[in-house]
Every structure is written in structure tokens, then in C-alpha cells.
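Notes follow the structure.
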Amino acid sequence: MDLNADLGEGFGIWRLGDDEALLGLITSANVACGFHGGDPSTMRRVCAAAAERDVAIGAQVGYRDLAGFGRRHIAYGFAELRDEVTYQLGALDAFCRVARVRVRYLKPHGALYHAASTDEAQAAALVAAVNDYDHELPVLCAPGSMLAQLATGAGLRVVAEGFADRGYLPTGALVPRSAPGALVTDPEQVAARAVRMATERTVVAVDGSVVPCQVESICLHGDTPGAVRCAELVRAALVEAGVTLTAFA
């Protein structure tokens with residue numbers, strides 16, 4: 001099982017989360033590319049630190065929305081979104097090259113992640129950007145989503161992702177961040193959910209129902225309170241359960 005986290009989401013003098021600590025616990029790093037968070041110096045720092053720890057680096061691409069942290073929907077046209085995603089891929093790839101590694105996958109962030117789960121045009125723009133840039137790049141996204149379907153149809157590798165620290169609806173979709181139960185903040189509960197995802201391939205939804213969760217990667221949000229403690233417990237619980245942690249890319 002892969003364990004990923006969102007990193008490099010600070011900007012300028014503002015730091016968000018503990019990138020260094022999380023890099024010692026995860027196998028894949030979703031690095032912000034400067035649109036929803038991050039900046040050139042942050043990208044360089046995180047890519048170098050990830051390379052030192054042999055952590056796979058993925059481009060976490062988002063809407064051009066620093067003020068809203070990429071969590072506000074933007075109605076992009078196909079070509080504009082395709083090109084902005086390509087731009088972000090290239091920016092992160094430059095700092096990966098400096099660190100003598102490469103971008104290993106793409107993952108959309110925030111509102112773009114959710115939009116690409118159901119919006120065919122926005123999902124198609126992401127697929128087009130990956131196809132144009134590097135057809136070998138896997139796409140990390142929600143299983144069964146529109147993005148997963150289009151990426152598979154285009155011959156791209158799709159890696160299904162689950163969220164140990166987010167609430168699920170009975171449909172298998174994530175609870176909107178504006179609704180009760182969106183975040184799971186108890187580290188022990190987060191760890192138990194991660195183990196269930198990895199061993200039973202299911203997750204308990206907010207209404208108590210059991211939902212299938214066939215995933216290859218488990219995400220922990222680096223910006224949530226207690227993220228490092230959650231990651232420590234999740235990693236320890238997975239190892240104790242006999243789960244081998246390794247990057248998918």
C-alpha cells in the first residue's frame with residue numbers, strides 16, 4: 001500500500017504543515033505546484049527533501065486560487081484548464097530535475113479533485129494535459145470517478161485513492177468539507193480506518209454503512225491539525241497489520 005500526503009502547501013513566509021516530518025513517514029508526496037499553494041522556493045525545498053528520502057514526488061495540480069487554497073470551484077474552459085495543468089506539471093518537473101529525480105504521477109487538488117470526479121470537461125482537460133506531457137504518468141484519483149474512467153479510456157494508468165482522514169457518504173463519495181463529518185481528526189480512528197482500507201478494502205460511511213474502498217494509495221492531509229501524529233499512528237498500524245508500504249510509482 002502507498003501512503004501519500006499533500007506537501008509544500010505553504011507560500012512565501014507562511015508554512016502549512018510539517019513537510020519534513022511527514023516525509024519521514026510517507027511513501028509518496030503530492031507537492032503543490034504554485035497555484036493553490038506552494039511557490040518556487042517551497043517546491044525546490046520539498047523536492048530536494050523528498051529525493052533524499054526516496055519518496056516519490058507527484059504533481060498536485062489545482063485551480064489558480066491561492067486565496068481560496070484551491071477549494072473553490074472555478075468554471076474553466078477545457079483548453080485553459082489543460083494548459084494550466086500542463087504549466088504546473090512543468091514547474092514541478094523543473095525542481096525535480098534539479099533534485100535529480102522526476103515527477104512520478106499527477107493528482108488534482110481540492111475543488112479540482114472533486115470537479116474532475118463528475119465533470120467530464122474538467123476531467124478531460126486533466127487527461128489531455130497528462131497525455132501531452134507524459135503518457136507514462138499515473139493519475140491518482142477517486143476510484144470510479146469520471147477522471148478515472150477517462151484516464152483509463154486514454155490508456156493512462158489510474159491509481160485509486162482512499163482518504164483515512166475524510167468522511168465518506170454511502171455513495172462512496174467524500175463528505176463535502178462544509179458538511180458535518182467531513183474530517184476525521186482522532187488519530188486512533190484515522191489509523192483504524194487506514195488499516196481497514198488496506199486489509200478489508202472497505203470504509204465505514206458517516207451513516208454507519210460499509211462502503212467498498214478498493215484503493216492502492218491512502219491519503220493523509222498535511223494541513224489538518226495533528227497531521228504528523230496521524231501519519232505516525234497510520235504507518236505503525238499498517239506495518240503492525242502486515243501491510244507493506246511502498247510507492248506505487
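Following the order of the C-alpha cells, chains are lettered A, B, ..., residues in each are numbered from 1, and ligands are numbered from 1.
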
message: Please identify the strand (DSSP E or B) residues within segment 35-132 of chain A (assignment by DSSP from backbone atoms) and present them as a ChimeraX atom specification.
response: /A:56-61,105-108

Practice problem: Compile the contact shell of Ala91 of chain A as a list in words: residues with an atom at most 12 Å away, counting only C-alpha atoms, same-chain residues fewer than 5 positions apart removed. | Solution: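 The filter keeps Val31, Ala32, Cys33, Gly34, Phe35, Gly38, Asp39, Pro40, Ser41, Thr42, Met43, Arg44, Cys47, Gly58, Ala59, Gln60, Val61, Glu84, Val85, Thr86, Cys96, Arg97, Val98, Arg102 and Val103 of chain A.
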
Would you give me, as a PyMOL selection string, the residues in segment 6-154 of chain A that DSSP reads as helix (DSSP H, G or I)? chain A and resi 19-23+40-52+78-98+110-118+120-133+146-153

Save out the residues we just selected, C-alpha atoms, as a PDB file, in the first residue's frame.
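Written output follows (out.pdb):
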```pdb
ATOM      1  CA  ASP A  19       6.715  18.732   5.449  1.00  0.00           C
ATOM      2  CA  GLU A  20       9.969  17.424   6.894  1.00  0.00           C
ATOM      3  CA  ALA A  21       8.294  15.228   9.490  1.00  0.00           C
ATOM      4  CA  LEU A  22       5.745  13.834   7.046  1.00  0.00           C
ATOM      5  CA  LEU A  23       8.436  12.967   4.504  1.00  0.00           C
ATOM      6  CA  PRO A  40       9.232  28.080  -6.399  1.00  0.00           C
ATOM      7  CA  SER A  41      11.404  28.018  -3.275  1.00  0.00           C
ATOM      8  CA  THR A  42       8.978  25.709  -1.476  1.00  0.00           C
ATOM      9  CA  MET A  43       8.842  23.359  -4.460  1.00  0.00           C
ATOM     10  CA  ARG A  44      12.639  23.239  -4.620  1.00  0.00           C
ATOM     11  CA  ARG A  45      12.938  22.560  -0.878  1.00  0.00           C
ATOM     12  CA  VAL A  46      10.325  19.817  -0.777  1.00  0.00           C
ATOM     13  CA  CYS A  47      11.564  18.097  -3.944  1.00  0.00           C
ATOM     14  CA  ALA A  48      15.106  18.015  -2.580  1.00  0.00           C
ATOM     15  CA  ALA A  49      13.973  16.648   0.779  1.00  0.00           C
ATOM     16  CA  ALA A  50      11.761  14.018  -0.858  1.00  0.00           C
ATOM     17  CA  ALA A  51      14.581  12.931  -3.159  1.00  0.00           C
ATOM     18  CA  GLU A  52      16.899  12.485  -0.167  1.00  0.00           C
ATOM     19  CA  PHE A  78     -11.216  22.848 -21.496  1.00  0.00           C
ATOM     20  CA  ALA A  79      -8.173  24.423 -23.177  1.00  0.00           C
ATOM     21  CA  GLU A  80      -7.412  26.856 -20.358  1.00  0.00           C
ATOM     22  CA  LEU A  81      -7.525  24.169 -17.679  1.00  0.00           C
ATOM     23  CA  ARG A  82      -5.469  21.773 -19.811  1.00  0.00           C
ATOM     24  CA  ASP A  83      -2.785  24.403 -20.268  1.00  0.00           C
ATOM     25  CA  GLU A  84      -2.736  25.482 -16.620  1.00  0.00           C
ATOM     26  CA  VAL A  85      -2.303  21.858 -15.537  1.00  0.00           C
ATOM     27  CA  THR A  86       0.499  21.420 -18.077  1.00  0.00           C
ATOM     28  CA  TYR A  87       2.140  24.578 -16.736  1.00  0.00           C
ATOM     29  CA  GLN A  88       2.053  23.226 -13.183  1.00  0.00           C
ATOM     30  CA  LEU A  89       3.492  19.882 -14.266  1.00  0.00           C
ATOM     31  CA  GLY A  90       6.378  21.655 -15.962  1.00  0.00           C
ATOM     32  CA  ALA A  91       7.077  23.876 -12.968  1.00  0.00           C
ATOM     33  CA  LEU A  92       7.357  20.982 -10.539  1.00  0.00           C
ATOM     34  CA  ASP A  93       9.282  18.870 -13.019  1.00  0.00           C
ATOM     35  CA  ALA A  94      11.937  21.579 -13.204  1.00  0.00           C
ATOM     36  CA  PHE A  95      12.633  21.318  -9.467  1.00  0.00           C
ATOM     37  CA  CYS A  96      12.534  17.520  -9.628  1.00  0.00           C
ATOM     38  CA  ARG A  97      15.241  17.679 -12.284  1.00  0.00           C
ATOM     39  CA  VAL A  98      17.325  19.918 -10.033  1.00  0.00           C
ATOM     40  CA  GLY A 110      -9.259  20.285  -3.668  1.00  0.00           C
ATOM     41  CA  ALA A 111     -12.128  21.609  -5.763  1.00  0.00           C
ATOM     42  CA  LEU A 112     -10.458  20.384  -8.953  1.00  0.00           C
ATOM     43  CA  TYR A 113     -10.272  16.848  -7.483  1.00  0.00           C
ATOM     44  CA  HIS A 114     -13.992  16.908  -6.797  1.00  0.00           C
ATOM     45  CA  ALA A 115     -14.928  18.561 -10.091  1.00  0.00           C
ATOM     46  CA  ALA A 116     -12.922  16.015 -12.082  1.00  0.00           C
ATOM     47  CA  SER A 117     -14.823  13.240 -10.311  1.00  0.00           C
ATOM     48  CA  THR A 118     -18.068  14.234 -12.067  1.00  0.00           C
ATOM     49  CA  GLU A 120     -16.430  15.404 -17.968  1.00  0.00           C
ATOM     50  CA  ALA A 121     -14.873  18.560 -19.438  1.00  0.00           C
ATOM     51  CA  GLN A 122     -12.588  19.209 -16.478  1.00  0.00           C
ATOM     52  CA  ALA A 123     -11.635  15.537 -16.213  1.00  0.00           C
ATOM     53  CA  ALA A 124     -10.857  15.508 -19.939  1.00  0.00           C
ATOM     54  CA  ALA A 125      -8.622  18.562 -19.546  1.00  0.00           C
ATOM     55  CA  LEU A 126      -6.564  16.753 -16.890  1.00  0.00           C
ATOM     56  CA  VAL A 127      -6.283  13.659 -19.070  1.00  0.00           C
ATOM     57  CA  ALA A 128      -5.227  15.766 -22.063  1.00  0.00           C
ATOM     58  CA  ALA A 129      -2.528  17.510 -20.014  1.00  0.00           C
ATOM     59  CA  VAL A 130      -1.057  14.202 -18.852  1.00  0.00           C
ATOM     60  CA  ASN A 131      -1.250  12.724 -22.342  1.00  0.00           C
ATOM     61  CA  ASP A 132       0.506  15.741 -23.828  1.00  0.00           C
ATOM     62  CA  TYR A 133       3.163  15.964 -21.150  1.00  0.00           C
ATOM     63  CA  MET A 146     -15.113  10.481 -14.222  1.00  0.00           C
ATOM     64  CA  LEU A 147     -11.378  11.204 -14.184  1.00  0.00           C
ATOM     65  CA  ALA A 148     -10.607   7.542 -13.556  1.00  0.00           C
ATOM     66  CA  GLN A 149     -12.868   6.473 -16.395  1.00  0.00           C
ATOM     67  CA  LEU A 150     -11.477   8.932 -18.937  1.00  0.00           C
ATOM     68  CA  ALA A 151      -7.877   8.300 -17.930  1.00  0.00           C
ATOM     69  CA  THR A 152      -8.375   4.547 -18.271  1.00  0.00           C
ATOM     70  CA  GLY A 153     -10.008   5.080 -21.654  1.00  0.00           C
TER      71      GLY A 153
END
```

- [ ] Please indicate the distance in Å from atom CA of Tyr63 of chain A to atom CA of His109 of chain A, rounded to one decimal place.
- [x]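 That distance, rounded to one decimal, is 7.9 Å.
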
Item to check | Using only C-alpha atoms: which of A:Cys230, A:Leu169, A:Val184, A:Ala192 has the shortest distance to Val210 of chain A | outcome: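 For Val210 of chain A, the nearest of the given residues is A:Leu169.
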
Atom CA of Ala191 of chain A sits from atom CA of Ala164 of chain A at a separation of 7.3 Å

What lies within 9 Å of Gly162 of chain A using only C-alpha atoms, ignoring chain neighbours under 6 positions off, as a ChimeraX atom specification? /A:141-143,194,197,203,213-219

Would you put the residues from that selection into a file with N, CA and C atoms, as a short mmCIF file (atom, residue, chain, number, x, y, z; two decimals), in the first residue's frame?
```
data_model
loop_
_atom_site.label_atom_id
_atom_site.label_comp_id
_atom_site.auth_asym_id
_atom_site.auth_seq_id
_atom_site.Cartn_x
_atom_site.Cartn_y
_atom_site.Cartn_z
N CYS A 141 -6.42 9.29 -8.24
CA CYS A 141 -7.75 9.90 -8.15
C CYS A 141 -8.74 8.93 -7.49
N ALA A 142 -9.96 9.39 -7.35
CA ALA A 142 -11.01 8.59 -6.70
C ALA A 142 -11.42 7.44 -7.60
N PRO A 143 -11.55 6.24 -7.03
CA PRO A 143 -11.98 5.09 -7.83
C PRO A 143 -13.37 5.29 -8.41
N ALA A 194 -7.43 3.49 8.11
CA ALA A 194 -6.39 3.17 7.13
C ALA A 194 -6.16 1.67 7.06
N MET A 197 -9.02 0.04 5.21
CA MET A 197 -8.90 0.25 3.77
C MET A 197 -7.88 -0.71 3.15
N VAL A 203 -14.64 0.99 3.79
CA VAL A 203 -14.62 2.13 4.71
C VAL A 203 -16.03 2.29 5.28
N CYS A 213 -14.01 0.05 -0.85
CA CYS A 213 -12.94 1.04 -0.99
C CYS A 213 -11.69 0.33 -1.53
N GLN A 214 -11.74 0.00 -2.81
CA GLN A 214 -10.65 -0.72 -3.47
C GLN A 214 -9.59 0.29 -3.89
N VAL A 215 -8.58 0.49 -3.05
CA VAL A 215 -7.59 1.53 -3.32
C VAL A 215 -6.17 0.98 -3.26
N GLU A 216 -5.27 1.68 -3.94
CA GLU A 216 -3.84 1.36 -3.93
C GLU A 216 -3.03 2.36 -3.12
N SER A 217 -3.66 3.48 -2.77
CA SER A 217 -2.95 4.53 -2.05
C SER A 217 -3.89 5.16 -1.03
N ILE A 218 -3.36 5.48 0.14
CA ILE A 218 -4.13 6.12 1.20
C ILE A 218 -3.55 7.51 1.45
N CYS A 219 -4.43 8.50 1.45
CA CYS A 219 -4.00 9.90 1.61
C CYS A 219 -4.24 10.40 3.03
#
```

Find the residues around Arg229 of chain A up to 12 Å (only C-alpha atoms counted), leave out those fewer than 5 positions away in its own chain, and share them as an MDAnalysis selection string. chainID A and resid 17:18 21:22 25 185:191 220:222 224 234:236

Output of the above residues as a compact mmCIF listing (two decimals), in the first residue's frame, restricted to C-alpha atoms:
```
# COMPACT_ATOMS: atom_id res chain seq x y z
CA GLY A 17 2.05 21.62 7.90
CA ASP A 18 5.31 19.90 8.78
CA ALA A 21 8.29 15.23 9.49
CA LEU A 22 5.75 13.83 7.05
CA LEU A 25 6.56 8.69 7.26
CA THR A 185 -9.48 14.15 13.42
CA ASP A 186 -8.98 11.41 16.04
CA PRO A 187 -5.55 9.88 15.19
CA GLU A 188 -6.56 6.45 16.52
CA GLN A 189 -9.68 6.45 14.36
CA VAL A 190 -7.72 7.60 11.32
CA ALA A 191 -5.25 4.73 11.84
CA LEU A 220 -3.41 11.94 4.75
CA HIS A 221 -3.88 15.70 4.54
CA GLY A 222 -0.76 17.56 5.62
CA THR A 224 -5.00 19.16 9.12
CA VAL A 234 -1.24 5.18 10.50
CA ARG A 235 2.19 3.97 9.44
CA ALA A 236 2.68 1.99 12.66
```

query: Quick one: of A:Asp119, A:Ser145, A:Thr246, A:Ala173, who's nearest to Gly77 of chain A, counting only C-alpha atoms?
result: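 Once distances to Gly77 of chain A are computed over only C-alpha atoms, the minimum belongs to A:Asp119.
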
Nearest to Leu183 of chain A, restricted to only C-alpha atoms and choosing among A:Gly144, A:Gly208, A:Gly70, A:Gly167, comes out as A:Gly167

Identify, on the basis of only C-alpha atoms, every residue whose closest approach to Gly37 of chain A does not exceed 9 Å; exclude the query and any residue fewer than 5 positions from it along the same chain; express the result as a list in words.
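Neighbouring residues, sequence-local ones excluded: Gly8, Glu9, Gly10, Phe11, Ala32, Gly62, Asp65, Leu66, Ala67, Phe69 and Gly70 of chain A.
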
Save the residues we just selected, C-alpha atoms, as an mmCIF file, in the first residue's frame?
```cif
data_model
loop_
_atom_site.group_PDB
_atom_site.id
_atom_site.type_symbol
_atom_site.label_atom_id
_atom_site.label_comp_id
_atom_site.auth_asym_id
_atom_site.auth_seq_id
_atom_site.Cartn_x
_atom_site.Cartn_y
_atom_site.Cartn_z
ATOM 1 C CA GLY A 8 4.616 22.086 0.037
ATOM 2 C CA GLU A 9 1.384 23.992 0.505
ATOM 3 C CA GLY A 10 2.889 26.995 2.271
ATOM 4 C CA PHE A 11 3.532 30.234 0.436
ATOM 5 C CA ALA A 32 1.710 21.774 -4.574
ATOM 6 C CA GLY A 62 -5.069 22.774 -8.649
ATOM 7 C CA ASP A 65 -6.685 30.183 -6.378
ATOM 8 C CA LEU A 66 -4.129 30.947 -3.662
ATOM 9 C CA ALA A 67 -6.623 32.956 -1.613
ATOM 10 C CA PHE A 69 -6.481 27.355 -1.276
ATOM 11 C CA GLY A 70 -7.918 25.782 -4.398
#
```
